Amino acid sequence: MDIKDNPETSVNEILADIEEEVYRNERMIKLSVALEYMIQLVEPKYKDVFIQAEKNARTIEDMNKILELAKKHIGQRTAISMLGI
């Protein structure tokens, strides 16, 4: 957003927009790093699917959904291994 485009736009509004974008980017970066780590623990046959899903994710909600699924997958895989089933 450029203040020249709309002189009535206040500095606070512009700063709020920037702050929101910075927060969104920061959150996506953190989620991406966490997911990169989690993908290393995913069963090899699913790694490419998780990698592709991460590349296609566009929102924080998308990333959270993928991360939650990776956590569940790893947890189930661990439980199955421990229980011998």
# chains A, B, ... in the order shown; residues from 1 in each chain; ligands from 1
call {"tool": "residues_around", "arguments": {"residues": "stretch 22-38 of chain A", "least_positions_apart": "5", "cutoff": "12 Å", "atoms": "only C-alpha atoms", "output": "compact mmCIF listing (two decimals) with N, CA and C atoms, in the first residue's frame"}}
result
# COMPACT_ATOMS: atom_id res chain seq x y z
N LEU A 15 1.01 1.00 8.77
CA LEU A 15 1.84 0.21 9.69
C LEU A 15 1.12 -1.06 10.13
N ALA A 16 -0.18 -0.99 10.34
CA ALA A 16 -0.96 -2.17 10.72
C ALA A 16 -0.94 -3.20 9.60
N ASP A 17 -1.04 -2.75 8.35
CA ASP A 17 -0.97 -3.66 7.21
C ASP A 17 0.40 -4.34 7.14
N GLU A 43 7.30 -41.52 7.26
CA GLU A 43 7.60 -42.74 6.53
C GLU A 43 8.03 -42.38 5.11
N PRO A 44 9.12 -42.97 4.63
CA PRO A 44 9.69 -42.59 3.32
C PRO A 44 8.69 -42.54 2.17
N TYR A 46 5.77 -41.53 2.11
CA TYR A 46 4.91 -40.35 2.17
C TYR A 46 5.67 -39.02 2.11
N LYS A 47 6.99 -39.08 2.14
CA LYS A 47 7.78 -37.84 2.18
C LYS A 47 7.47 -36.91 1.01
N ASP A 48 7.45 -37.46 -0.20
CA ASP A 48 7.20 -36.63 -1.38
C ASP A 48 5.83 -35.96 -1.32
N PHE A 50 4.17 -35.07 1.43
CA PHE A 50 4.26 -33.97 2.39
C PHE A 50 5.05 -32.79 1.83
N ILE A 51 6.12 -33.08 1.11
CA ILE A 51 6.93 -32.01 0.50
C ILE A 51 6.09 -31.24 -0.51
N GLN A 52 5.34 -31.96 -1.35
CA GLN A 52 4.49 -31.29 -2.34
C GLN A 52 3.39 -30.49 -1.67
N ALA A 53 2.80 -31.03 -0.62
CA ALA A 53 1.75 -30.31 0.10
C ALA A 53 2.30 -29.01 0.68
N GLU A 54 3.51 -29.08 1.23
CA GLU A 54 4.13 -27.86 1.78
C GLU A 54 4.36 -26.82 0.69
N LYS A 55 4.84 -27.26 -0.45
CA LYS A 55 5.09 -26.32 -1.56
C LYS A 55 3.80 -25.66 -2.04
N ASN A 56 2.69 -26.40 -1.96
CA ASN A 56 1.41 -25.87 -2.43
C ASN A 56 0.66 -25.07 -1.38
N ALA A 57 1.10 -25.13 -0.14
CA ALA A 57 0.42 -24.41 0.95
C ALA A 57 0.55 -22.90 0.73
N ARG A 58 -0.56 -22.21 0.90
CA ARG A 58 -0.57 -20.76 0.67
C ARG A 58 -0.94 -19.97 1.93
N THR A 59 -1.49 -20.65 2.91
CA THR A 59 -1.94 -19.95 4.10
C THR A 59 -1.41 -20.62 5.36
N ILE A 60 -1.51 -19.90 6.46
CA ILE A 60 -1.12 -20.46 7.75
C ILE A 60 -2.00 -21.66 8.07
N GLU A 61 -3.27 -21.60 7.71
CA GLU A 61 -4.18 -22.71 7.95
C GLU A 61 -3.74 -23.95 7.18
N ASP A 62 -3.32 -23.76 5.92
CA ASP A 62 -2.82 -24.88 5.12
C ASP A 62 -1.61 -25.53 5.80
N MET A 63 -0.68 -24.70 6.25
CA MET A 63 0.54 -25.21 6.89
C MET A 63 0.20 -25.93 8.19
N ASN A 64 -0.70 -25.37 8.98
CA ASN A 64 -1.10 -26.02 10.23
C ASN A 64 -1.73 -27.39 9.97
N LYS A 65 -2.55 -27.47 8.94
CA LYS A 65 -3.21 -28.73 8.60
C LYS A 65 -2.17 -29.79 8.22
N ILE A 66 -1.20 -29.42 7.42
CA ILE A 66 -0.15 -30.35 7.00
C ILE A 66 0.70 -30.77 8.20
N LEU A 67 1.05 -29.82 9.04
CA LEU A 67 1.87 -30.10 10.22
C LEU A 67 1.13 -31.04 11.18
N GLU A 68 -0.14 -30.81 11.39
CA GLU A 68 -0.93 -31.67 12.27
C GLU A 68 -1.00 -33.09 11.72
N LEU A 69 -1.18 -33.21 10.42
CA LEU A 69 -1.23 -34.53 9.80
C LEU A 69 0.11 -35.24 9.92
N ALA A 70 1.20 -34.51 9.74
CA ALA A 70 2.53 -35.10 9.89
C ALA A 70 2.74 -35.59 11.32
N LYS A 71 2.32 -34.79 12.31
CA LYS A 71 2.45 -35.21 13.71
C LYS A 71 1.65 -36.48 13.98
N LYS A 72 0.43 -36.53 13.48
CA LYS A 72 -0.41 -37.72 13.68
C LYS A 72 0.20 -38.94 13.01
N HIS A 73 0.69 -38.75 11.80
CA HIS A 73 1.31 -39.85 11.06
C HIS A 73 2.51 -40.40 11.83
N ILE A 74 3.38 -39.52 12.30
CA ILE A 74 4.56 -39.94 13.05
C ILE A 74 4.16 -40.63 14.35
N GLY A 75 3.18 -40.08 15.04
CA GLY A 75 2.71 -40.67 16.29
C GLY A 75 2.14 -42.06 16.08
call {"tool": "select_by_dssp", "arguments": {"residues": "chain A", "states": "helix (DSSP H, G or I)", "output": "PyMOL selection string"}}
result
chain A and resi 11-39+44-56+60-83
call {"tool": "atom_distance", "arguments": {"atom1": "atom CA of A:Leu41", "atom2": "atom CA of A:Arg77"}}
result
9.7 Å
call {"tool": "atom_distance", "arguments": {"atom1": "atom CA of A:Lys45", "atom2": "atom CA of A:Gln76"}}
result
15.0 Å
